[in-house]
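Heads up, the thing below is written out as structure tokens.
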Protein chains: 2
Amino acid sequence: MAVSSLHVTKPTPVHSAESCRPVTEILARIGDKWSVLVVMMLSEGPRRFSELRRMIDGISQRMLTLTLRGLERDGLVTRTVTPSIPPRVDYELTTLGRSLREPVTALGRWAIDNRPAMLKARAAYDAAQDGD
Amino acid sequence: MAVSSLHVTKPTPVHSAESCRPVTEILARIGDKWSVLVVMMLSEGPRRFSELRRMIDGISQRMLTLTLRGLERDGLVTRTVTPSIPPRVDYELTTLGRSLREPVTALGRWAIDNRPAMLKARAAYDAAQDGD
DNA sequence: CTGCATCCTCCTGGATACTG
DNA sequence: CAGTATCCAGGAGGATGCAG
């Protein structure tokens, strides 16, 4: 099929909104306030509910529960109940959950490397707004 | 100083909540509903406001404006006004903005690779809930 | 200790109408 | 075309109290 240069009103969209939907989906899952933090806290091994609660400063019991449920639902963590008295519940990353650490760590490196630049830009922008 | 094995109540926290704060910050910025999508749309070059509006299906004018303002504030995009009639405004990724594409793309690859597993886990979880 | 239910507040984001 | 202003619904998330 001969390819002409006709009706090239737009260049070929390499990054269509279509192909970015999975990214958006994942961001909707891990982009919340606590999910990534919980995954990072579970990086080194299983943790009890109360351990996570103490490790993650500022998280409410409700949100820790909800976050863990969400991660469990999507197969990122497992929940193990030990019916002792008092009861004990351990959470652990699944293989899928552990694999998520890599891209998140990459994002973390970017964040650490570029945070100064972002803060500087933000300060400059805000200063320009005041200056007007 | 001699290092004893005393009071080792907890193993050394490699991933403290402290070290994850930058990640959380970045996620708070790009974890919203549209930012990543806008950055991806600007990957190939400058785009006009109305172009972006058409490319990103479902975004409202208000949110596109707010998202672009936020990205501009943090030094990820530049805003160029051409005072013609009608007015024309172009947005383009900065060097910082372009550098963000790499970790985001890594996340995108993970998303594409693991979305099936996540959906499967989710379906299994939901089925288990109904079954109880 | 772990978890659920309730209530309440704030922010995000959509719809719409109006300016330059 | 680009942007702002206003109004409004829905969800995220915190505080508290109760249950197993």
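Every chain in the structure tokens takes a letter, A first, then B, and so on in the order presented; its residues are numbered from 1, and the ligands are numbered from 1 following the presented order.
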
**OP:** May I have the residues within 12 Å of DA19 (chain D) as a list in words, using only C-alpha atoms (C1' of nucleotides) and disregarding those fewer than 2 positions away in the same chain?
**Re:** DT2, DG3, DC4 and DA5 of chain C; DG17 of chain D

Test item: residues at most 6 Å from region 74-87 of chain A, only C-alpha atoms (C1' of nucleotides), excluding those fewer than 4 positions along its chain, as a PDB file with N, CA and C atoms (P, O5', C5', C4', C3', O3' and C1' of nucleotides), in the first residue's frame:
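Written out: around.pdb:
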ATOM      1  N   TYR A  91       1.115  -9.143  57.480  1.00  0.00           N
ATOM      2  CA  TYR A  91       0.982  -8.790  56.074  1.00  0.00           C
ATOM      3  C   TYR A  91       2.336  -8.950  55.398  1.00  0.00           C
ATOM      4  N   GLU A  92       2.301  -9.430  54.159  1.00  0.00           N
ATOM      5  CA  GLU A  92       3.556  -9.673  53.444  1.00  0.00           C
ATOM      6  C   GLU A  92       3.359  -9.393  51.966  1.00  0.00           C
ATOM      7  N   LEU A  93       4.393  -8.892  51.313  1.00  0.00           N
ATOM      8  CA  LEU A  93       4.297  -8.637  49.883  1.00  0.00           C
ATOM      9  C   LEU A  93       4.244  -9.938  49.111  1.00  0.00           C
ATOM     10  N   THR A  94       3.425  -9.992  48.083  1.00  0.00           N
ATOM     11  CA  THR A  94       3.437 -11.121  47.166  1.00  0.00           C
ATOM     12  C   THR A  94       4.547 -10.900  46.140  1.00  0.00           C
ATOM     13  N   LEU A  96       4.077 -10.310  43.092  1.00  0.00           N
ATOM     14  CA  LEU A  96       3.613  -9.142  42.340  1.00  0.00           C
ATOM     15  C   LEU A  96       3.933  -7.857  43.099  1.00  0.00           C
ATOM     16  N   GLY A  97       3.688  -7.885  44.393  1.00  0.00           N
ATOM     17  CA  GLY A  97       3.964  -6.714  45.211  1.00  0.00           C
ATOM     18  C   GLY A  97       5.443  -6.361  45.235  1.00  0.00           C
TER      19      GLY A  97
ATOM     20  N   MET B 118      -3.173  -8.356  38.155  1.00  0.00           N
ATOM     21  CA  MET B 118      -3.915  -7.572  39.128  1.00  0.00           C
ATOM     22  C   MET B 118      -5.422  -7.758  38.953  1.00  0.00           C
ATOM     23  N   ALA B 121      -6.383 -11.170  40.224  1.00  0.00           N
ATOM     24  CA  ALA B 121      -6.401 -11.192  41.685  1.00  0.00           C
ATOM     25  C   ALA B 121      -7.643 -10.481  42.207  1.00  0.00           C
ATOM     26  N   ARG B 122      -7.957  -9.368  41.584  1.00  0.00           N
ATOM     27  CA  ARG B 122      -9.101  -8.582  42.016  1.00  0.00           C
ATOM     28  C   ARG B 122     -10.399  -9.370  41.839  1.00  0.00           C
TER      29      ARG B 122
ATOM     30  P    DC C   1      -1.826  -3.727  71.466  1.00  0.00           P
ATOM     31  O5'  DC C   1      -2.569  -5.166  71.199  1.00  0.00           O
ATOM     32  C5'  DC C   1      -1.748  -6.230  70.771  1.00  0.00           C
ATOM     33  C4'  DC C   1      -2.388  -6.918  69.584  1.00  0.00           C
ATOM     34  C3'  DC C   1      -2.432  -6.063  68.306  1.00  0.00           C
ATOM     35  O3'  DC C   1      -2.132  -6.897  67.178  1.00  0.00           O
ATOM     36  C1'  DC C   1      -4.642  -6.613  68.974  1.00  0.00           C
TER      37       DC C   1
END

**OP:** Select from chain A everything DSSP, run on the backbone, classes as alpha helix (DSSP H), then give the selection as a ChimeraX atom specification.
**Re:** /A:21-30,35-41,49-55,61-73,95-131

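Here the question is which of B:Arg62, B:Arg29, B:Leu68, B:Met41 gets nearest to chain A using only C-alpha atoms, and that residue is B:Met41.
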
Subject >> Who sits within 12 Å of DA15 (chain C), only C-alpha atoms (C1' of nucleotides), same chain under 5 positions skipped, as an MDAnalysis selection string >> reply: (chainID B and resid 60:63) or (chainID D and resid 6:9)

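The coordinates place CA of Ala28 (chain A) at 14.2 Å from CA of Ile112 (chain B).
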
Subject >> Residue set, chain A restricted to strand (DSSP E or B), as number ranges by chain >> reply: A: 47-48, 77-82, 88-93

Please build the interface table for chain C against chain B with a cut-off of 10 Å, listing for each qualifying residue the nearest atom pair and the distance in Å to one decimal; count only C-alpha atoms (C1' of nucleotides), order rows by chain and increasing number, and write it as a Markdown table.
| residue | atom | partner | partner_atom | distance |
| --- | --- | --- | --- | --- |
| C:DT12 | C1' | B:Asp32 | CA | 9.0 |
| C:DG13 | C1' | B:Met63 | CA | 7.2 |
| C:DG14 | C1' | B:Ser60 | CA | 7.2 |
| C:DA15 | C1' | B:Ser60 | CA | 9.0 |
| C:DG20 | C1' | B:Pro87 | CA | 9.6 |

Would you write out those residues with N, CA, C and O atoms (P, O5', C5', C4', C3', O3' and C1' of nucleotides), as a PDB file, in the first residue's frame?
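Here's the written file result06.pdb:
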ATOM      1  P    DT C  12      -7.115  19.202  46.473  1.00  0.00           P
ATOM      2  O5'  DT C  12      -7.823  18.279  45.397  1.00  0.00           O
ATOM      3  C5'  DT C  12      -7.897  16.864  45.617  1.00  0.00           C
ATOM      4  C4'  DT C  12      -8.961  16.274  44.708  1.00  0.00           C
ATOM      5  C3'  DT C  12      -8.827  16.698  43.245  1.00  0.00           C
ATOM      6  O3'  DT C  12      -8.839  15.533  42.441  1.00  0.00           O
ATOM      7  C1'  DT C  12     -11.047  17.044  44.018  1.00  0.00           C
ATOM      8  P    DG C  13      -8.330  15.667  40.899  1.00  0.00           P
ATOM      9  O5'  DG C  13      -9.711  15.817  40.119  1.00  0.00           O
ATOM     10  C5'  DG C  13     -10.773  14.918  40.400  1.00  0.00           C
ATOM     11  C4'  DG C  13     -12.076  15.487  39.897  1.00  0.00           C
ATOM     12  C3'  DG C  13     -12.006  16.156  38.509  1.00  0.00           C
ATOM     13  O3'  DG C  13     -13.094  15.707  37.742  1.00  0.00           O
ATOM     14  C1'  DG C  13     -13.124  17.526  40.002  1.00  0.00           C
ATOM     15  P    DG C  14     -12.979  15.694  36.122  1.00  0.00           P
ATOM     16  O5'  DG C  14     -14.477  15.933  35.649  1.00  0.00           O
ATOM     17  C5'  DG C  14     -15.521  15.143  36.197  1.00  0.00           C
ATOM     18  C4'  DG C  14     -16.813  15.935  36.219  1.00  0.00           C
ATOM     19  C3'  DG C  14     -17.122  16.675  34.912  1.00  0.00           C
ATOM     20  O3'  DG C  14     -18.432  16.361  34.467  1.00  0.00           O
ATOM     21  C1'  DG C  14     -17.257  18.153  36.776  1.00  0.00           C
ATOM     22  P    DA C  15     -18.909  16.911  33.028  1.00  0.00           P
ATOM     23  O5'  DA C  15     -19.839  18.139  33.410  1.00  0.00           O
ATOM     24  C5'  DA C  15     -20.794  18.020  34.471  1.00  0.00           C
ATOM     25  C4'  DA C  15     -21.696  19.255  34.502  1.00  0.00           C
ATOM     26  C3'  DA C  15     -21.910  19.915  33.135  1.00  0.00           C
ATOM     27  O3'  DA C  15     -23.272  20.337  33.028  1.00  0.00           O
ATOM     28  C1'  DA C  15     -20.867  21.449  34.619  1.00  0.00           C
ATOM     29  P    DG C  20     -13.194  41.983  30.123  1.00  0.00           P
ATOM     30  O5'  DG C  20     -11.959  41.382  29.313  1.00  0.00           O
ATOM     31  C5'  DG C  20     -10.915  40.690  29.964  1.00  0.00           C
ATOM     32  C4'  DG C  20      -9.896  40.212  28.933  1.00  0.00           C
ATOM     33  C3'  DG C  20      -9.688  41.206  27.790  1.00  0.00           C
ATOM     34  O3'  DG C  20      -8.335  41.113  27.353  1.00  0.00           O
ATOM     35  C1'  DG C  20     -10.485  39.171  26.919  1.00  0.00           C
TER      36       DG C  20
END

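Those residues of chain B that fall within 8 Å of chain D when using only C-alpha atoms (C1' of nucleotides) read Phe49, Ser50, Thr65, Pro86, Pro87, Arg88 and Val89 of chain B.
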
**OP:** Output the contact residues of chain B with respect to chain A at a cut-off of 7 Å, based on only C-alpha atoms, as an NGL selection string.
**Re:** :B and (15 or 17 or 20 or 22-23 or 26-27 or 31 or 37 or 40-41 or 55-56 or 73-75 or 103 or 106-108 or 111-112 or 118-119 or 121-122 or 125)

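Note that the spacing between CA of Arg54 (chain B) and C1' of DT19 (chain C) amounts to 22.6 Å.
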
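CA of Asp130 (chain A) lies 23.7 Å from CA of Asp90 (chain B).
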